[in-house]
Structure formats: C-alpha cells, structure tokens
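File shown here: run.txt, holding compact mmCIF, C-alpha atoms and all ligand atoms.
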```txt
# COMPACT_ATOMS: atom_id res chain seq x y z
CA MET A 1 -23.73 4.40 8.15
CA LYS A 2 -23.86 1.17 6.21
CA VAL A 3 -20.29 0.19 5.36
CA ALA A 4 -18.97 -2.55 3.07
CA VAL A 5 -15.56 -4.04 3.85
CA LEU A 6 -14.09 -5.56 0.69
CA SER A 7 -11.95 -8.40 1.96
CA ARG A 8 -11.24 -11.99 0.99
CA ASN A 9 -11.30 -13.20 4.57
CA PRO A 10 -13.42 -11.93 7.47
CA ARG A 11 -11.06 -13.62 9.96
CA LEU A 12 -8.02 -11.49 9.07
CA TYR A 13 -6.97 -9.21 11.93
CA SER A 14 -7.45 -5.96 9.97
CA THR A 15 -10.86 -6.98 8.62
CA ARG A 16 -12.05 -8.12 12.05
CA ARG A 17 -10.90 -4.92 13.73
CA LEU A 18 -12.56 -2.66 11.15
CA VAL A 19 -15.87 -4.52 11.54
CA GLU A 20 -15.58 -4.41 15.34
CA ALA A 21 -14.69 -0.70 15.41
CA GLY A 22 -17.53 0.16 13.02
CA GLU A 23 -20.09 -1.80 15.02
CA GLN A 24 -18.86 -0.26 18.27
CA ARG A 25 -19.56 3.15 16.78
CA GLY A 26 -23.08 2.09 15.77
CA HIS A 27 -22.60 1.36 12.08
CA GLU A 28 -23.82 -1.56 10.03
CA MET A 29 -20.74 -3.37 8.73
CA GLN A 30 -20.79 -6.08 6.03
CA VAL A 31 -17.75 -7.99 4.82
CA ILE A 32 -17.96 -8.65 1.08
CA ASP A 33 -15.67 -11.28 -0.39
CA THR A 34 -14.02 -9.26 -3.17
CA LEU A 35 -13.89 -12.15 -5.63
CA ARG A 36 -17.56 -13.08 -5.10
CA ALA A 37 -18.91 -9.64 -6.03
CA TYR A 38 -20.00 -9.47 -9.66
CA MET A 39 -21.64 -6.91 -11.83
CA ASN A 40 -23.28 -5.90 -15.05
CA ILE A 41 -20.90 -3.18 -16.12
CA ALA A 42 -23.06 -1.99 -19.05
CA SER A 43 -26.23 -1.42 -17.04
CA HIS A 44 -27.57 2.17 -16.94
CA LYS A 45 -28.00 1.83 -13.21
CA PRO A 46 -24.69 0.55 -11.84
CA GLN A 47 -25.18 -2.40 -9.52
CA ILE A 48 -23.16 -5.05 -7.77
CA HIS A 49 -24.53 -8.51 -7.06
CA TYR A 50 -23.40 -10.71 -4.22
CA ARG A 51 -24.56 -14.26 -3.62
CA GLY A 52 -27.57 -13.70 -5.92
CA GLN A 53 -28.69 -10.39 -4.37
CA PRO A 54 -27.99 -6.78 -5.36
CA LEU A 55 -25.88 -4.80 -2.87
CA GLU A 56 -27.84 -1.73 -1.86
CA GLY A 57 -27.86 1.20 0.52
CA PHE A 58 -24.13 1.45 1.28
CA ASP A 59 -22.71 4.80 2.34
CA ALA A 60 -19.05 3.83 2.30
CA VAL A 61 -16.73 1.03 1.27
CA ILE A 62 -13.41 0.04 2.86
CA PRO A 63 -11.22 -1.72 0.30
CA ARG A 64 -8.81 -4.29 1.76
CA ILE A 65 -7.50 -5.50 -1.56
CA GLY A 66 -4.53 -7.87 -1.53
CA ALA A 67 -1.83 -7.48 -4.16
CA SER A 68 -2.84 -10.70 -5.91
CA VAL A 69 -6.42 -9.50 -6.49
CA THR A 70 -5.67 -5.87 -7.41
CA PHE A 71 -7.18 -6.07 -10.89
CA TYR A 72 -10.52 -7.64 -9.92
CA GLY A 73 -10.70 -5.78 -6.61
CA CYS A 74 -10.27 -2.39 -8.24
CA ALA A 75 -12.99 -3.24 -10.78
CA VAL A 76 -15.41 -4.01 -7.93
CA LEU A 77 -14.39 -0.86 -6.07
CA ARG A 78 -14.86 1.23 -9.24
CA GLN A 79 -18.38 -0.13 -9.52
CA PHE A 80 -19.09 0.94 -5.91
CA GLU A 81 -17.75 4.39 -6.84
CA MET A 82 -20.06 4.55 -9.87
CA MET A 83 -22.94 3.78 -7.49
CA GLY A 84 -21.91 6.88 -5.49
CA VAL A 85 -20.59 4.90 -2.50
CA PHE A 86 -17.71 6.69 -0.73
CA PRO A 87 -14.47 4.67 -0.92
CA LEU A 88 -11.94 4.96 1.93
CA ASN A 89 -9.32 4.87 -0.83
CA GLU A 90 -10.28 5.39 -4.45
CA SER A 91 -9.68 2.72 -7.09
CA VAL A 92 -7.45 4.98 -9.18
CA ALA A 93 -5.23 5.71 -6.19
CA ILE A 94 -4.95 2.02 -5.32
CA THR A 95 -4.05 1.12 -8.90
CA ARG A 96 -1.44 3.89 -8.89
CA SER A 97 0.13 2.73 -5.62
CA ARG A 98 0.32 -0.92 -6.77
CA ASP A 99 2.70 0.01 -9.58
CA LYS A 100 5.98 0.43 -7.68
CA LEU A 101 7.78 2.13 -10.50
CA ARG A 102 5.00 4.54 -11.34
CA SER A 103 4.63 5.39 -7.64
CA LEU A 104 8.31 6.28 -7.32
CA GLN A 105 8.13 8.40 -10.48
CA LEU A 106 5.12 10.31 -9.12
CA LEU A 107 6.81 10.86 -5.75
CA SER A 108 10.06 11.92 -7.38
CA ARG A 109 8.26 14.46 -9.55
CA LYS A 110 7.02 16.16 -6.38
CA GLY A 111 10.43 16.20 -4.75
CA ILE A 112 9.93 13.42 -2.18
CA GLY A 113 13.25 11.88 -1.06
CA LEU A 114 13.76 8.39 -2.54
CA PRO A 115 16.63 5.91 -2.65
CA VAL A 116 18.44 6.29 -5.99
CA THR A 117 16.57 3.83 -8.20
CA GLY A 118 17.19 2.62 -11.73
CA PHE A 119 15.12 0.64 -14.22
CA ALA A 120 16.34 -1.02 -17.40
CA ASN A 121 15.27 -3.64 -19.87
CA SER A 122 18.32 -4.77 -21.80
CA PRO A 123 21.17 -6.89 -20.41
CA ASP A 124 23.52 -4.61 -22.40
CA ASP A 125 22.67 -1.75 -20.06
CA ILE A 126 23.34 -3.59 -16.78
CA PRO A 127 26.83 -2.18 -16.05
CA ASP A 128 25.64 1.40 -16.51
CA LEU A 129 22.47 0.70 -14.53
CA ILE A 130 24.63 -0.46 -11.61
CA GLN A 131 26.78 2.68 -11.88
CA MET A 132 23.62 4.78 -11.95
CA VAL A 133 22.61 3.55 -8.49
CA ASN A 134 26.13 4.10 -7.10
CA GLY A 135 27.46 0.56 -7.53
CA ALA A 136 27.48 -2.38 -5.11
CA PRO A 137 26.24 -3.15 -2.56
CA LEU A 138 22.81 -2.61 -4.03
CA ILE A 139 19.26 -3.88 -3.79
CA ILE A 140 17.35 -5.54 -6.62
CA LYS A 141 13.56 -5.55 -6.38
CA LEU A 142 11.06 -7.50 -8.41
CA LEU A 143 8.29 -5.09 -9.37
CA GLU A 144 5.68 -7.73 -8.53
CA GLY A 145 7.09 -8.65 -5.12
CA THR A 146 5.36 -8.08 -1.76
CA GLN A 147 6.23 -8.70 1.88
CA GLY A 148 9.93 -8.61 1.14
CA ILE A 149 9.85 -11.53 -1.31
CA GLY A 150 11.81 -10.63 -4.44
CA VAL A 151 13.97 -8.05 -2.61
CA VAL A 152 17.58 -9.14 -3.00
CA MET A 153 20.79 -7.63 -1.67
CA CYS A 154 23.83 -7.89 -3.94
CA GLU A 155 27.11 -7.26 -2.13
CA THR A 156 29.33 -7.10 -5.20
CA GLN A 157 29.11 -5.75 -8.73
CA GLN A 158 29.50 -9.29 -10.04
CA ALA A 159 26.63 -10.64 -7.96
CA ALA A 160 24.45 -7.72 -9.03
CA GLU A 161 25.20 -8.34 -12.71
CA SER A 162 24.32 -12.04 -12.48
CA VAL A 163 21.12 -11.48 -10.51
CA ILE A 164 19.88 -8.73 -12.85
CA GLU A 165 20.76 -10.86 -15.87
CA ALA A 166 18.87 -13.81 -14.41
CA PHE A 167 15.72 -11.78 -13.73
CA MET A 168 15.88 -10.17 -17.17
CA GLY A 169 16.29 -13.61 -18.73
CA LEU A 170 13.09 -14.70 -16.96
CA LYS A 171 11.36 -11.58 -18.33
CA HIS A 172 10.71 -10.23 -14.83
CA ASN A 173 10.74 -6.46 -14.36
CA ILE A 174 13.18 -5.33 -11.71
CA MET A 175 14.42 -2.11 -10.15
CA ALA A 176 17.97 -1.59 -8.98
CA GLN A 177 18.22 0.56 -5.88
CA GLU A 178 21.01 2.03 -3.79
CA TYR A 179 21.38 0.20 -0.47
CA ILE A 180 20.74 2.52 2.47
CA LYS A 181 23.24 1.01 4.86
CA GLU A 182 22.81 3.59 7.60
CA ALA A 183 19.16 2.54 8.02
CA GLY A 184 20.66 -0.45 9.86
CA GLY A 185 18.02 -2.96 8.74
CA ALA A 186 15.23 -0.77 10.09
CA ASP A 187 12.41 1.15 8.49
CA ILE A 188 9.57 3.28 9.76
CA ARG A 189 5.94 2.56 8.97
CA CYS A 190 3.87 5.74 9.21
CA PHE A 191 0.13 5.19 9.28
CA VAL A 192 -1.52 8.15 7.58
CA ILE A 193 -5.22 8.99 7.85
CA GLY A 194 -6.29 12.14 5.98
CA ASP A 195 -3.64 14.75 6.67
CA LYS A 196 -2.23 13.19 9.85
CA VAL A 197 0.24 10.48 10.81
CA ILE A 198 -1.88 8.86 13.52
CA ALA A 199 0.70 6.22 14.50
CA ALA A 200 4.22 5.14 13.59
CA ILE A 201 6.34 2.10 14.36
CA LYS A 202 9.90 1.13 13.73
CA ARG A 203 10.46 -2.29 12.20
CA GLN A 204 13.84 -3.88 12.75
CA ALA A 205 15.13 -6.80 10.71
CA LYS A 206 16.24 -9.90 12.61
CA PRO A 207 20.02 -10.35 12.93
CA GLY A 208 21.66 -11.25 9.62
CA GLU A 209 18.73 -9.93 7.58
CA PHE A 210 18.32 -6.48 6.00
CA ARG A 211 14.59 -6.72 5.29
CA SER A 212 12.53 -5.47 8.19
CA ASN A 213 9.17 -6.92 7.07
CA LEU A 214 7.29 -8.42 10.01
CA HIS A 215 6.50 -11.35 7.69
CA ARG A 216 10.28 -11.92 7.40
CA GLY A 217 10.77 -12.11 11.16
CA GLY A 218 11.25 -8.38 11.79
CA SER A 219 10.23 -6.92 15.15
CA ALA A 220 8.19 -3.78 15.76
CA SER A 221 8.74 -1.11 18.39
CA LEU A 222 7.54 2.38 19.23
CA ILE A 223 9.30 5.31 17.62
CA LYS A 224 9.05 9.05 17.75
CA ILE A 225 9.25 10.42 14.23
CA THR A 226 10.73 13.80 13.30
CA PRO A 227 8.63 16.64 11.87
CA GLU A 228 10.39 16.08 8.51
CA GLU A 229 9.43 12.38 8.51
CA ARG A 230 5.85 13.28 9.45
CA MET A 231 5.61 15.83 6.65
CA THR A 232 7.16 13.40 4.13
CA ALA A 233 4.66 10.64 4.98
CA ILE A 234 1.66 12.98 4.73
CA ARG A 235 2.85 14.41 1.41
CA ALA A 236 3.58 10.95 -0.03
CA ALA A 237 0.05 9.73 0.77
CA LYS A 238 -1.44 12.89 -0.70
CA ILE A 239 0.60 12.62 -3.92
CA MET A 240 -0.67 9.05 -4.36
CA GLY A 241 -4.23 10.27 -3.73
CA LEU A 242 -4.67 7.92 -0.76
CA ASN A 243 -6.79 8.95 2.24
CA VAL A 244 -5.38 6.09 4.29
CA ALA A 245 -1.88 4.80 3.66
CA GLY A 246 1.06 3.04 5.21
CA VAL A 247 4.15 5.00 4.20
CA ASP A 248 7.44 3.13 4.60
CA ILE A 249 10.45 5.34 5.24
CA LEU A 250 14.18 4.66 5.53
CA ARG A 251 16.27 6.97 7.74
CA SER A 252 19.26 8.01 5.64
CA LEU A 253 22.15 10.40 6.16
CA HIS A 254 20.36 12.87 3.90
CA GLY A 255 16.93 12.69 5.48
CA PRO A 256 13.85 10.47 5.14
CA LEU A 257 13.60 8.36 1.99
CA VAL A 258 10.26 6.85 0.98
CA MET A 259 10.41 3.21 -0.05
CA GLU A 260 6.77 2.47 -0.62
CA VAL A 261 3.24 3.77 -0.08
CA ASN A 262 0.84 0.98 0.83
CA SER A 263 -2.88 1.38 0.11
CA SER A 264 -4.13 -1.45 2.36
CA PRO A 265 -1.82 -1.11 5.37
CA GLY A 266 -2.18 -3.88 7.95
CA LEU A 267 -3.53 -2.96 11.39
CA GLU A 268 -2.11 -5.73 13.54
CA GLY A 269 1.52 -4.57 13.87
CA ILE A 270 0.63 -0.93 14.34
CA GLU A 271 -2.24 -1.49 16.82
CA THR A 272 -0.49 -4.06 18.98
CA THR A 273 2.74 -2.04 19.13
CA THR A 274 1.24 1.40 19.77
CA GLY A 275 -1.92 0.33 21.64
CA LYS A 276 -3.87 2.80 19.49
CA ASP A 277 -7.34 2.15 18.17
CA VAL A 278 -6.31 2.64 14.54
CA ALA A 279 -9.46 0.88 13.24
CA GLY A 280 -11.58 3.32 15.25
CA LEU A 281 -9.74 6.26 13.69
CA VAL A 282 -10.36 4.85 10.20
CA ILE A 283 -14.08 4.64 10.99
CA GLN A 284 -14.04 8.21 12.35
CA TYR A 285 -12.48 9.35 9.08
CA LEU A 286 -15.39 7.76 7.20
CA GLU A 287 -17.91 9.39 9.54
CA LYS A 288 -16.44 12.81 8.71
CA ASN A 289 -15.92 12.32 5.00
CA GLY A 290 -18.02 9.40 3.85
CA SER A 291 -21.23 10.91 2.61
CA PRO A 292 -22.66 9.53 -0.64
CA ASN A 293 -21.51 10.93 -3.99
CA ARG A 294 -18.35 12.45 -2.51
CA THR A 295 -15.97 10.18 -4.39
CA ARG A 296 -13.72 12.45 -6.44
CA THR A 297 -13.19 10.37 -9.55
CA ARG A 298 -16.07 7.88 -9.55
CA GLY A 299 -13.62 5.47 -11.08
CA GLN A 300 -12.60 7.80 -13.89
CA GLY A 301 -9.04 8.38 -14.92
P1 LIG B 401 8.09 -5.17 -0.03
O1 LIG B 401 7.14 -4.20 -0.65
O2 LIG B 401 8.12 -6.50 -0.67
O3 LIG B 401 7.98 -5.19 1.47
P2 LIG B 401 10.27 -3.32 0.22
O4 LIG B 401 10.71 -2.50 -0.93
O5 LIG B 401 9.44 -2.66 1.26
O6 LIG B 401 9.55 -4.61 -0.34
O7 LIG B 401 11.57 -3.95 0.90
C1 LIG B 401 11.53 -4.88 1.98
C2 LIG B 401 12.46 -4.45 3.11
O8 LIG B 401 13.81 -4.43 2.67
C3 LIG B 401 12.19 -3.05 3.61
O9 LIG B 401 11.19 -3.06 4.61
C4 LIG B 401 13.55 -2.59 4.13
O10 LIG B 401 13.74 -3.03 5.45
C5 LIG B 401 14.52 -3.33 3.21
N1 LIG B 401 14.94 -2.43 2.11
C6 LIG B 401 14.28 -2.26 0.95
N2 LIG B 401 14.92 -1.38 0.15
C7 LIG B 401 16.01 -0.98 0.80
C8 LIG B 401 17.10 -0.08 0.49
N3 LIG B 401 17.14 0.56 -0.67
N4 LIG B 401 18.07 0.07 1.42
C9 LIG B 401 18.02 -0.59 2.60
N5 LIG B 401 17.06 -1.46 2.95
C10 LIG B 401 16.05 -1.66 2.06
```
Show this structure as structure tokens.
Amino acid sequence: MKVAVLSRNPRLYSTRRLVEAGEQRGHEMQVIDTLRAYMNIASHKPQIHYRGQPLEGFDAVIPRIGASVTFYGCAVLRQFEMMGVFPLNESVAITRSRDKLRSLQLLSRKGIGLPVTGFANSPDDIPDLIQMVNGAPLIIKLLEGTQGIGVVMCETQQAAESVIEAFMGLKHNIMAQEYIKEAGGADIRCFVIGDKVIAAIKRQAKPGEFRSNLHRGGSASLIKITPEERMTAIRAAKIMGLNVAGVDILRSLHGPLVMEVNSSPGLEGIETTTGKDVAGLVIQYLEKNGSPNRTRTRGQG
C-alpha cells in the first residue's frame, strides 16, 4: 500500500512510529505536512498538490490532525476522501469528535454513561446551571481546551459562579460538569481499533492535581479494564464514527463515564506503558480495510 500520514511534524513520536510500522510491513509511507497540502476544490478531478506536485496513487491516509489545525486538516482529508483514498478516520467523524458538546450529546442520545454536564449562555442562568450539575465541587471546561488546559475545579458554589461569569464575560463557551470524586484523579485511556480495545492504560494525576493528563505531569500504568468499560469504549468510538479512537473513561460509583473520544490518540504513552506495537495494529487495520473507494461518506455530511 501507499499510505499518506497527514502530520505537521515527522519527528513526533506517533508520526515516527506509524511510518516505521508501515515500512516494516512493506508499505510506502509518506508524511505530508497538513498545512502545506493545497487543492483546487472546484476541479472535476479532485487533486491535492504538495510542494508543486500532485499527490497520486495513495491507497490510504492516516490523519494526525492537531486540535489547532482541525479546520484546514479536515478540508485536506475530505479532498483525499473525494479522490477515493481510504481514511483511517473520516473527516466527518473527526469534525464531530472535535466539538466536545456535540460529542457528549451524541453519546448521551445512545445511552453512554457521562458525567452530568450542563451548558448555558446567560449569566442569569448560572445558579440553576450549578444546581443542574449537582452543585459544588464542580468542573468547568472551556469547549476549546485541550491537554487539560481550560479545565478548572471549583470547590465552592461561589468560586463556580465567579469562574463561569468570568468565562461568559470573555465570550468563551464553557461546560459545567459534576466532579467525579471517586475517580481519585485517575482516568482510563482505552485505545480502540475497529471493534476492539487493543490496549488500555490508567493515568493518575500527580499529588495535589485532579487532571490526569500526561502533559500535566500525570503518570501512566497498566490496568485491566472491566467488560463494561471495554464495551463502553467500543460503543463510544462507533457512535462517533471513528475507526481508531482514544476513549477517556472515569470510574464512577455508577459505572464507567465517558469524558472524551479522541480522534488522533497519541501512541507514546500507550506503547511505552503497555509494550504493545499499537502502530503496527493501526497499519494492520488499514491492510484489512483500506482498499480504495471504501470511504463511507467521501466527505459528505
Ligand atoms: P482535555 O480534553 O483538555 O484533556 P478533559 O476533559 O479530558 O480535558 O479533562 C482533563 C482531566 O481532568 C481528565 O483527564 C481527568 O483526569 C480530569 N477530569 C475531567 N473531568 C472530570 C470530572 N468531571 N470529574 C473528575 N475529573 C475530571
């Protein structure tokens, strides 16, 4: 197969590992800098140009699209889809998963367990919003945040009111969410490929911190997940329409709660902690499914 890896930086761990795993399995791998791909979107024959040349002959494309380049990255990916190139994850599914609120609404509709979450626009509605998520302590999340930045814990009703008011004043969209205390500053990252969780790790926040993000100093360890957690992760990825996803789960007193479904899950934490060849499994998924013209939506919808 000839496989494009859409990534801003060929030196990133995940990008490197995908290229290495693909080459090991005999495929031709090419890293394409997402922001340097350009296209004539009105042409009858969809094409993408890169450094003055048309990109041709690709069987599959692996999107590694960072949150800050979602808009442009999804446009490039859509163009690949229109050319009949098989995407590891489709552009519509990535766009869906990048909207935190929309994602939670889709998951909720299908009965996936979620922390109680509220969304409001007017400062007049703050007290009721706080009641809606069972009062303080609670978590406020900026819709645009990633890697734990913009996730704030408010211990008291008063603190919550001021923080929400401040964000609303700045015209930032926020969600208010019940704090899952019993998770103990830990969450579970389930790495889903197709209809399997192929690896899972527990991430534990450093002392004095509730956010378990590895970027915030959290530490990763091996964990055995329950059948219910496994099923929840697989269903969450499927609802989002993602073939490959990192599903983040909190262990609560009333079962697994999904926090987020990530469409470009990092490989470093999961590979180094579990010792599994996750990149190799991603490539194997493409080998099984990645024939031309098998993209479901071709960028529609
Ligand atoms: P980001 O997408 O920026 O990583 P998350 O929503 O995943 O933001 O939150 C960051 C971290 O904060 C999570 O990994 C988890 O450890 C902690 N966290 C988030 N929401 C809750 C919650 N409702 N209850 C308890 N801990 C939470």
Contacts between ligand LIG 401 (chain B) and chain A, please, where a residue of chain A counts if it comes within 6 Å (with all atoms listed in the file); show its shortest atom pair and distance in Å to one decimal, rows by chain and ascending number, as CSV.
```
residue,atom,partner,partner_atom,distance
A:Pro115,CA,B:LIG401,N3,5.7
A:Ile139,CA,B:LIG401,N3,5.8
A:Gly145,CA,B:LIG401,O2,5.0
A:Thr146,CA,B:LIG401,O2,3.4
A:Gln147,CA,B:LIG401,O2,3.9
A:Gly148,CA,B:LIG401,O2,3.3
A:Ile149,CA,B:LIG401,O2,5.4
A:Val151,CA,B:LIG401,O7,5.9
A:Gln177,CA,B:LIG401,N3,5.3
A:Glu178,CA,B:LIG401,N3,5.2
A:Tyr179,CA,B:LIG401,N4,3.8
A:Ile180,CA,B:LIG401,N4,3.8
A:Lys181,CA,B:LIG401,C9,5.9
A:Gly185,CA,B:LIG401,O10,5.4
A:Ala186,CA,B:LIG401,O10,5.4
A:Asp187,CA,B:LIG401,O10,5.3
A:Phe210,CA,B:LIG401,C5,5.7
A:Arg211,CA,B:LIG401,O8,3.6
A:Ser212,CA,B:LIG401,O10,3.9
A:Asn213,CA,B:LIG401,O9,5.0
A:Met259,CA,B:LIG401,O4,5.8
```
Excluding stretch 30-42 of chain A and its own-chain neighbours fewer than 5 positions away, which residues fall within 8 Å of it when counting all atoms listed in the file? Please give them as a CSV table (one decimal) with C-alpha atoms, in the frame of the given file.
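around.csv, freshly written:
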```csv
chain,number,residue,atom,x,y,z
A,2,LYS,CA,-23.9,1.2,6.2
A,3,VAL,CA,-20.3,0.2,5.4
A,4,ALA,CA,-19.0,-2.6,3.1
A,5,VAL,CA,-15.6,-4.0,3.8
A,6,LEU,CA,-14.1,-5.6,0.7
A,7,SER,CA,-12.0,-8.4,2.0
A,8,ARG,CA,-11.2,-12.0,1.0
A,9,ASN,CA,-11.3,-13.2,4.6
A,10,PRO,CA,-13.4,-11.9,7.5
A,15,THR,CA,-10.9,-7.0,8.6
A,19,VAL,CA,-15.9,-4.5,11.5
A,47,GLN,CA,-25.2,-2.4,-9.5
A,48,ILE,CA,-23.2,-5.0,-7.8
A,49,HIS,CA,-24.5,-8.5,-7.1
A,50,TYR,CA,-23.4,-10.7,-4.2
A,51,ARG,CA,-24.6,-14.3,-3.6
A,65,ILE,CA,-7.5,-5.5,-1.6
A,69,VAL,CA,-6.4,-9.5,-6.5
A,72,TYR,CA,-10.5,-7.6,-9.9
A,73,GLY,CA,-10.7,-5.8,-6.6
A,76,VAL,CA,-15.4,-4.0,-7.9
A,79,GLN,CA,-18.4,-0.1,-9.5
```
Using 10 Å as the limit and counting only C-alpha atoms, can you tabulate each residue of stretch 244-264 of chain A that touches stretch 198-204 of chain A, with its shortest atom-to-atom distance in Å and the two atoms involved, as JSON lines?
```
{"residue": "A:Gly246", "atom": "CA", "partner": "A:Ala200", "partner_atom": "CA", "distance": 9.2}
{"residue": "A:Val247", "atom": "CA", "partner": "A:Ala200", "partner_atom": "CA", "distance": 9.4}
{"residue": "A:Asp248", "atom": "CA", "partner": "A:Lys202", "partner_atom": "CA", "distance": 9.7}
{"residue": "A:Ile249", "atom": "CA", "partner": "A:Lys202", "partner_atom": "CA", "distance": 9.5}
{"residue": "A:Leu250", "atom": "CA", "partner": "A:Lys202", "partner_atom": "CA", "distance": 9.9}
```
Any idea what's packed within 12 Å of stretch 97-111 of chain A, counting all atoms listed in the file, ignoring anything in its chain fewer than 2 positions away? Could you give it as JSON, numbers by chain?
-> {"A": [65, 66, 67, 68, 69, 70, 71, 74, 89, 90, 91, 92, 93, 94, 95, 113, 114, 115, 116, 117, 118, 119, 120, 141, 142, 143, 144, 145, 146, 173, 174, 175, 176, 177, 232, 233, 234, 235, 236, 237, 238, 239, 240, 241, 242, 244, 245, 246, 247, 256, 257, 258, 259, 260, 261, 262, 263, 264, 265]}
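The residue that comes closest to A:Ser252, out of A:Asp124, A:Ala183, A:Lys196, A:Leu12 and on the basis of only C-alpha atoms, is A:Ala183.
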Would you mind listing, for every residue of stretch 35-96 of chain A within 8 Å of stretch 286-291 of chain A, the two atoms forming the shortest contact and the distance between them in Å to one decimal, using only C-alpha atoms, sorted by chain and ascending residue number, as a Markdown table?
```
| residue | atom | partner | partner_atom | distance |
| --- | --- | --- | --- | --- |
| A:Asp59 | CA | A:Ser291 | CA | 6.3 |
| A:Ala60 | CA | A:Gly290 | CA | 5.9 |
| A:Val85 | CA | A:Ser291 | CA | 7.9 |
| A:Phe86 | CA | A:Gly290 | CA | 5.3 |
| A:Pro87 | CA | A:Gly290 | CA | 7.6 |
| A:Leu88 | CA | A:Leu286 | CA | 6.9 |
```
The residue from A:Ile193, A:Leu267, A:Val61, A:Ile225 with the smallest atom-to-atom distance to A:Met1, counting all atoms listed in the file, is A:Val61
Rounded to one decimal in Å, what is the spacing between atom CA of A:Lys206 and atom CA of A:Ser219?
->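 These atoms are spaced 7.2 Å apart.
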Go ahead and compute the interatomic distance for atom CA of A:Cys190 and atom CA of A:Ala21, in Å to one decimal.
->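 Pair atom CA of A:Cys190 / atom CA of A:Ala21 returns 20.6 Å.
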With all atoms listed in the file as the basis for distance, which of A:Leu214, A:Leu138, A:Glu182, A:Lys171 is at the shortest distance from A:Ala159?
-> A:Leu138
Counting only C-alpha atoms, the residue among A:Ile188, A:Ala220, A:Ala136, A:Ile62 that lies closest to A:Glu271 is A:Ala220
Residue nearest A:Val133 - candidates A:Gly57, A:Leu18, A:Gly255, A:Gln157, atoms counted: all atoms listed in the file =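 The answer is A:Gln157, which sits nearest to A:Val133.
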Only N, CA, C and O atoms, as a compact mmCIF listing (two decimals), in the first residue's frame: that is what I want for stretch 200-217 of chain A.
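Heads up, here's the output in selection_19.txt:
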```
# COMPACT_ATOMS: atom_id res chain seq x y z
N ALA A 200 -5.08 -0.52 26.99
CA ALA A 200 -5.66 0.46 27.91
C ALA A 200 -4.63 0.81 28.97
O ALA A 200 -3.83 -0.04 29.38
N ILE A 201 -4.62 2.08 29.36
CA ILE A 201 -3.74 2.49 30.46
C ILE A 201 -4.53 3.35 31.44
O ILE A 201 -5.53 3.98 31.08
N LYS A 202 -4.03 3.32 32.67
CA LYS A 202 -4.60 4.21 33.68
C LYS A 202 -3.67 5.42 33.77
O LYS A 202 -2.44 5.26 33.79
N ARG A 203 -4.24 6.60 33.83
CA ARG A 203 -3.43 7.80 34.02
C ARG A 203 -3.80 8.41 35.37
O ARG A 203 -4.98 8.61 35.65
N GLN A 204 -2.80 8.64 36.17
CA GLN A 204 -3.03 9.14 37.53
C GLN A 204 -2.44 10.54 37.65
O GLN A 204 -1.28 10.77 37.30
N ALA A 205 -3.27 11.46 38.16
CA ALA A 205 -2.78 12.84 38.34
C ALA A 205 -1.69 12.86 39.40
O ALA A 205 -1.68 12.02 40.31
N LYS A 206 -0.77 13.83 39.28
CA LYS A 206 0.25 13.97 40.33
C LYS A 206 -0.43 14.48 41.61
O LYS A 206 -1.53 15.04 41.54
N PRO A 207 0.22 14.30 42.76
CA PRO A 207 -0.40 14.72 44.02
C PRO A 207 -0.81 16.19 43.97
O PRO A 207 -0.07 17.03 43.45
N GLY A 208 -2.01 16.48 44.49
CA GLY A 208 -2.48 17.87 44.52
C GLY A 208 -3.11 18.33 43.23
O GLY A 208 -3.47 19.50 43.08
N GLU A 209 -3.26 17.44 42.28
CA GLU A 209 -3.81 17.80 40.96
C GLU A 209 -4.93 16.81 40.66
O GLU A 209 -4.83 15.64 41.04
N PHE A 210 -6.01 17.27 40.02
CA PHE A 210 -7.08 16.31 39.69
C PHE A 210 -7.05 15.90 38.23
O PHE A 210 -7.66 14.93 37.83
N ARG A 211 -6.28 16.65 37.42
CA ARG A 211 -6.22 16.33 35.99
C ARG A 211 -5.12 15.31 35.72
O ARG A 211 -3.97 15.55 36.10
N SER A 212 -5.49 14.23 35.06
CA SER A 212 -4.53 13.13 34.92
C SER A 212 -3.73 13.21 33.61
O SER A 212 -2.93 12.31 33.33
N ASN A 213 -3.94 14.26 32.83
CA ASN A 213 -3.22 14.37 31.54
C ASN A 213 -1.73 14.17 31.73
O ASN A 213 -1.13 14.76 32.63
N LEU A 214 -1.12 13.39 30.85
CA LEU A 214 0.33 13.16 30.93
C LEU A 214 1.06 14.49 30.73
O LEU A 214 2.12 14.72 31.32
N HIS A 215 0.46 15.38 29.91
CA HIS A 215 1.06 16.71 29.70
C HIS A 215 1.03 17.56 30.97
O HIS A 215 1.71 18.57 31.06
N ARG A 216 0.18 17.19 31.93
CA ARG A 216 0.08 17.94 33.19
C ARG A 216 0.82 17.20 34.31
O ARG A 216 0.54 17.39 35.47
N GLY A 217 1.71 16.31 33.94
CA GLY A 217 2.52 15.63 34.95
C GLY A 217 1.92 14.34 35.47
O GLY A 217 2.40 13.77 36.45
```
